[in-house]
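**Q** Just my_file.txt, nothing more (compact mmCIF, C-alpha atoms):
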# COMPACT_ATOMS: atom_id res chain seq x y z
CA MET A 5 19.98 -5.08 -3.43
CA ARG A 6 20.81 -1.55 -2.37
CA PRO A 7 17.84 -0.55 -0.21
CA ASP A 8 15.85 1.98 -2.23
CA LYS A 9 12.26 2.36 -3.42
CA GLU A 10 12.80 0.68 -6.80
CA THR A 11 14.53 -2.33 -5.30
CA SER A 12 11.97 -2.67 -2.50
CA ASN A 13 9.09 -2.49 -4.95
CA ALA A 14 10.78 -5.00 -7.29
CA PHE A 15 11.48 -7.40 -4.41
CA VAL A 16 7.84 -7.42 -3.28
CA TYR A 17 6.60 -7.59 -6.88
CA CYS A 18 8.84 -10.52 -7.81
CA MET A 19 8.08 -12.30 -4.53
CA ALA A 20 4.32 -11.88 -5.02
CA VAL A 21 4.36 -12.98 -8.68
CA SER A 22 6.53 -16.00 -7.87
CA ALA A 23 4.50 -17.01 -4.82
CA ALA A 24 1.24 -16.82 -6.78
CA ARG A 25 2.69 -18.77 -9.69
CA PHE A 26 3.87 -21.67 -7.50
CA GLY A 27 1.29 -21.66 -4.68
CA ILE A 28 3.75 -20.55 -2.03
CA GLY A 29 2.49 -18.81 1.11
CA VAL A 30 4.76 -16.05 2.36
CA VAL A 31 4.77 -15.75 6.15
CA GLY A 32 7.35 -12.95 6.17
CA PHE A 33 10.68 -11.72 4.88
CA GLY A 34 13.49 -9.33 5.58
CA THR A 35 15.99 -7.82 3.16
CA MET A 36 19.50 -6.53 3.50
CA SER A 37 21.75 -4.92 0.91
CA ASN A 38 23.34 -8.24 -0.06
CA HIS A 39 20.88 -10.98 0.95
CA TYR A 40 17.38 -11.69 2.18
CA HIS A 41 15.59 -14.07 4.53
CA ALA A 42 12.10 -15.42 3.89
CA VAL A 43 9.79 -17.70 5.80
CA VAL A 44 7.43 -19.46 3.41
CA VAL A 45 4.86 -22.23 3.35
CA ASP A 46 5.21 -24.83 0.58
CA ARG A 47 2.18 -27.10 0.62
CA ASP A 48 2.69 -28.58 -2.87
CA GLY A 49 6.46 -29.20 -2.98
CA CYS A 50 7.11 -26.31 -5.39
CA PHE A 51 9.69 -24.43 -3.32
CA PRO A 52 12.65 -25.17 -5.66
CA ASP A 53 10.69 -23.92 -8.68
CA PHE A 54 9.48 -20.86 -6.77
CA LEU A 55 12.99 -20.03 -5.63
CA GLN A 56 14.50 -20.46 -9.09
CA TYR A 57 11.84 -18.25 -10.71
CA PHE A 58 11.95 -15.59 -7.99
CA HIS A 59 15.75 -15.44 -8.05
CA ARG A 60 15.82 -15.22 -11.84
CA ILE A 61 13.30 -12.41 -12.35
CA PHE A 62 14.53 -10.38 -9.39
CA ALA A 63 18.20 -10.78 -10.40
CA VAL A 64 17.57 -9.77 -13.99
CA HIS A 65 15.57 -6.76 -12.86
CA GLN A 66 18.32 -5.66 -10.48
CA ASN A 67 21.02 -6.10 -13.10
CA VAL A 68 19.03 -4.01 -15.58
CA LEU A 69 18.31 -1.41 -12.87
CA ARG A 70 22.00 -1.10 -11.98
CA GLY A 71 23.34 -1.49 -15.53
CA ARG A 72 25.14 -4.74 -14.70
CA TRP A 73 25.30 -8.04 -16.54
CA GLU A 74 27.30 -10.34 -14.25
CA ALA A 75 25.90 -12.94 -11.85
CA PHE A 76 23.66 -11.28 -9.30
CA TRP A 77 23.60 -14.07 -6.72
CA ALA A 78 26.89 -15.54 -5.50
CA PRO A 79 27.61 -18.24 -8.12
CA HIS A 80 29.25 -20.76 -5.80
CA GLU A 81 26.81 -20.53 -2.91
CA GLN A 82 23.56 -22.40 -2.70
CA PRO A 83 20.48 -20.91 -1.07
CA SER A 84 19.93 -22.23 2.43
CA ALA A 85 16.50 -23.72 3.07
CA VAL A 86 15.60 -25.01 6.51
CA GLU A 87 12.40 -26.83 7.37
CA LEU A 88 10.86 -25.29 10.46
CA VAL A 89 8.94 -27.93 12.38
CA ARG A 90 8.39 -26.34 15.80
CA PRO A 91 6.32 -23.20 16.38
CA ASP A 92 9.14 -21.60 18.37
CA ASP A 93 11.61 -22.24 15.53
CA LEU A 94 9.34 -20.50 13.06
CA ILE A 95 8.90 -17.45 15.29
CA GLU A 96 12.66 -17.31 15.91
CA LYS A 97 13.48 -17.37 12.18
CA LEU A 98 10.74 -14.88 11.31
CA VAL A 99 11.92 -12.44 13.98
CA TYR A 100 15.52 -12.89 12.86
CA ALA A 101 14.52 -12.13 9.27
CA VAL A 102 12.63 -8.94 10.03
CA THR A 103 15.01 -7.56 12.67
CA ASN A 104 18.21 -8.19 10.69
CA PRO A 105 18.82 -4.49 9.82
CA ALA A 106 18.70 -3.58 13.54
CA LYS A 107 20.78 -6.61 14.56
CA ASP A 108 23.51 -5.54 12.14
CA GLY A 109 23.46 -1.99 13.52
CA LEU A 110 22.14 -0.37 10.34
CA VAL A 111 19.05 1.15 12.00
CA ASP A 112 17.76 1.53 15.52
CA LYS A 113 14.09 1.35 14.52
CA LEU A 114 12.87 -1.05 11.85
CA GLU A 115 10.71 1.63 10.23
CA HIS A 116 13.93 3.49 9.37
CA TRP A 117 15.18 0.65 7.14
CA PRO A 118 14.75 1.81 3.51
CA GLY A 119 14.78 -1.73 2.12
CA ALA A 120 11.86 -4.08 1.57
CA SER A 121 10.24 -5.04 4.83
CA CYS A 122 7.06 -6.78 5.90
CA VAL A 123 7.04 -5.81 9.59
CA GLU A 124 4.14 -3.37 9.32
CA ALA A 125 2.13 -5.79 7.20
CA LEU A 126 2.81 -8.60 9.68
CA VAL A 127 1.58 -6.75 12.73
CA SER A 128 -1.21 -4.75 11.10
CA ARG A 129 -2.35 -7.67 8.91
CA LYS A 130 -2.26 -5.44 5.83
CA THR A 131 -1.55 -6.60 2.33
CA LEU A 132 1.65 -5.50 0.60
CA VAL A 133 1.12 -3.98 -2.84
CA ALA A 134 3.73 -3.51 -5.56
CA THR A 135 3.62 -2.24 -9.12
CA ARG A 136 5.29 -3.84 -12.11
CA PRO A 137 8.80 -2.35 -12.28
CA LYS A 138 9.48 -0.15 -15.30
CA ARG A 139 12.73 -1.92 -16.11
CA PHE A 140 12.97 -5.46 -17.52
CA PHE A 141 9.21 -6.14 -17.39
CA ARG A 142 7.30 -5.27 -20.58
CA GLU A 143 4.26 -3.03 -20.28
CA GLU A 144 2.35 -5.28 -22.67
CA GLY A 145 3.69 -8.45 -21.05
CA MET A 146 1.71 -11.15 -19.28
CA LEU A 147 2.61 -10.10 -15.73
CA PRO A 148 0.12 -7.88 -13.92
CA GLU A 149 0.57 -4.14 -13.51
CA THR A 150 -0.09 -4.38 -9.77
CA VAL A 151 0.24 -7.31 -7.40
CA SER A 152 -0.77 -7.93 -3.82
CA LEU A 153 1.18 -10.03 -1.37
CA GLU A 154 -0.98 -11.08 1.53
CA LEU A 155 1.21 -12.61 4.21
CA VAL A 156 -0.08 -15.91 5.53
CA GLN A 157 -0.25 -16.97 9.11
CA SER A 158 2.15 -19.69 10.09
CA PRO A 159 0.46 -23.10 9.80
CA LEU A 160 2.36 -24.05 12.97
CA HIS A 161 0.26 -21.38 14.71
CA ARG A 162 -3.08 -22.22 13.09
CA ASP A 163 -4.80 -22.45 16.48
CA MET A 164 -4.28 -18.71 17.00
CA LEU A 165 -6.70 -16.08 15.83
CA ALA A 166 -5.21 -13.66 13.29
CA SER A 167 -5.05 -10.94 15.95
CA GLU A 168 -3.27 -13.31 18.35
CA TRP A 169 -0.75 -14.21 15.63
CA ALA A 170 -0.08 -10.50 14.95
CA ASN A 171 0.35 -9.83 18.68
CA CYS A 172 2.69 -12.81 19.04
CA VAL A 173 4.85 -11.54 16.19
CA GLN A 174 4.86 -7.97 17.56
CA GLN A 175 5.82 -9.09 21.07
CA ASN A 176 8.67 -11.26 19.79
CA VAL A 177 9.96 -8.51 17.49
CA ASP A 178 9.82 -6.01 20.39
CA ARG A 179 11.74 -8.44 22.64
CA ALA A 180 14.38 -8.99 19.99
CA LEU A 181 14.80 -5.24 19.45
CA GLU A 182 15.18 -4.71 23.20
CA SER A 183 17.93 -7.34 23.31
CA ILE A 184 19.64 -5.81 20.29
CA ARG A 185 19.55 -2.35 21.89
CA ALA A 186 20.85 -3.72 25.21
CA LEU A 187 23.79 -5.40 23.44
CA ARG A 188 24.56 -2.22 21.52
CA ILE A 189 24.55 -0.14 24.72
CA LYS A 190 26.76 -2.69 26.48
CA ALA A 191 29.33 -2.67 23.66
Could I get this file's structure written as structure tokens?
**A**
Amino acid sequence: MRPDKETSNAFVYCMAVSAARFGIGVVGFGTMSNHYHAVVVDRDGCFPDFLQYFHRIFAVHQNVLRGRWEAFWAPHEQPSAVELVRPDDLIEKLVYAVTNPAKDGLVDKLEHWPGASCVEALVSRKTLVATRPKRFFREEGMLPETVSLELVQSPLHRDMLASEWANCVQQNVDRALESIRALRIKA
């Protein structure tokens, strides 16, 4: 998942196609070079199917992109899925997901991370757009040329206005980045 434009576009494209196919709401995500974190809403119990489909099409794309044919995901490790039942838990996991590149010391500012990120879309309430990758996906295939991934507001925060949700996310991300910077300075 080397962070580059093709991989970032493919990640968002595959996530959007998979979410639409299985009725999954994407609250947010963060990517690293060897893993990702996503916070999703599964109202219809389709998360396993969504995950299997997303992992398959993204993995095949990445293997074609990099000229590889071996297993893309670690074959002996299962994805970790945790149900988030408290509003604070959801915010904590979402902030962890999006600030991971800074936490691991790869960037100081999240906008410097070249991998797929949803931070700007989360706080500005903009829709992410991706185009069908040139590799693996057929031009004349059934999947759309362009997809949109509109992040959903956490259902655990449904009492907030959209602007309040965006401000809540921004404030928590800013706090996390301050803590990360303070730890880095201390070290």
**Q** Which of these residues is nearest to A:Phe141, using only C-alpha atoms: A:His65, A:Asp48, A:Asn171, A:Tyr40?
**A**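 Of all the options, A:His65 lies closest to A:Phe141.
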**Q** Grab the atom CA of A:Cys18 to atom CA of A:Lys113 distance for me, in Å with one decimal place.
**A** 25.8 Å
**Q** Please identify all polymer residues within 12 Å of A:Phe51, counting only C-alpha atoms, omitting same-chain residues fewer than 2 positions from it, and present them as a list in words.
**A** Ser22, Ala23, Ala24, Arg25, Phe26, Gly27, Ile28, Gly29, Val30, Ala42, Val43, Val44, Val45, Asp46, Arg47, Asp48, Gly49, Asp53, Phe54, Leu55, Gln56, Tyr57, Phe58, His59, Pro83, Ser84, Ala85, Val86 and Glu87 of chain A
**Q** Could you please take those selected residues and save C-alpha atoms as a short mmCIF file (atom, residue, chain, number, x, y, z; two decimals), in the frame of the given file?
**A**
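And here is the file that came out, result-v9.cif:
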data_model
loop_
_atom_site.label_atom_id
_atom_site.label_comp_id
_atom_site.auth_asym_id
_atom_site.auth_seq_id
_atom_site.Cartn_x
_atom_site.Cartn_y
_atom_site.Cartn_z
CA SER A 22 6.53 -16.00 -7.87
CA ALA A 23 4.50 -17.01 -4.82
CA ALA A 24 1.24 -16.82 -6.78
CA ARG A 25 2.69 -18.77 -9.69
CA PHE A 26 3.87 -21.67 -7.50
CA GLY A 27 1.29 -21.66 -4.68
CA ILE A 28 3.75 -20.55 -2.03
CA GLY A 29 2.49 -18.81 1.11
CA VAL A 30 4.76 -16.05 2.36
CA ALA A 42 12.10 -15.42 3.89
CA VAL A 43 9.79 -17.70 5.80
CA VAL A 44 7.43 -19.46 3.41
CA VAL A 45 4.86 -22.23 3.35
CA ASP A 46 5.21 -24.83 0.58
CA ARG A 47 2.18 -27.10 0.62
CA ASP A 48 2.69 -28.58 -2.87
CA GLY A 49 6.46 -29.20 -2.98
CA ASP A 53 10.69 -23.92 -8.68
CA PHE A 54 9.48 -20.86 -6.77
CA LEU A 55 12.99 -20.03 -5.63
CA GLN A 56 14.50 -20.46 -9.09
CA TYR A 57 11.84 -18.25 -10.71
CA PHE A 58 11.95 -15.59 -7.99
CA HIS A 59 15.75 -15.44 -8.05
CA PRO A 83 20.48 -20.91 -1.07
CA SER A 84 19.93 -22.23 2.43
CA ALA A 85 16.50 -23.72 3.07
CA VAL A 86 15.60 -25.01 6.51
CA GLU A 87 12.40 -26.83 7.37
#
**Q** Counting all atoms listed in the file, what is within 6 Å of stretch 116-130 of chain A, bar same-chain residues fewer than 5 positions away, as a list in words?
**A** Pro7, Asp8, Ser12, Gly34, Thr35, Ala170 and Gln174 of chain A
**Q** Quick one: pull the distance between atom CA of A:Asp163 and atom CA of A:Asp92, Å, one decimal.
**A**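 Computing the Euclidean distance for atom CA of A:Asp163 and atom CA of A:Asp92 yields 14.1 Å.
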**Q** Measure the distance from atom CA of A:Val173 to atom CA of A:Thr150 in Å and round it to one decimal.
**A** 27.4 Å
**Q** Work out where the centre of an axis-aligned box around every listed atom of stretch 88-105 of chain A lies and how long its edges are once 6 Å is added on each side; give both in Å to one decimal as JSON.
**A**
{"center_x": 12.6, "center_y": -16.2, "center_z": 13.8, "size_x": 24.5, "size_y": 35.4, "size_z": 21.1}
**Q** Go through A:His161, A:Arg136, A:Arg179, A:Arg6 and flag the residue nearest A:Gln66, using all atoms listed in the file for the distances.
**A**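 The shortest atom-to-atom distance to A:Gln66 comes from A:Arg6.
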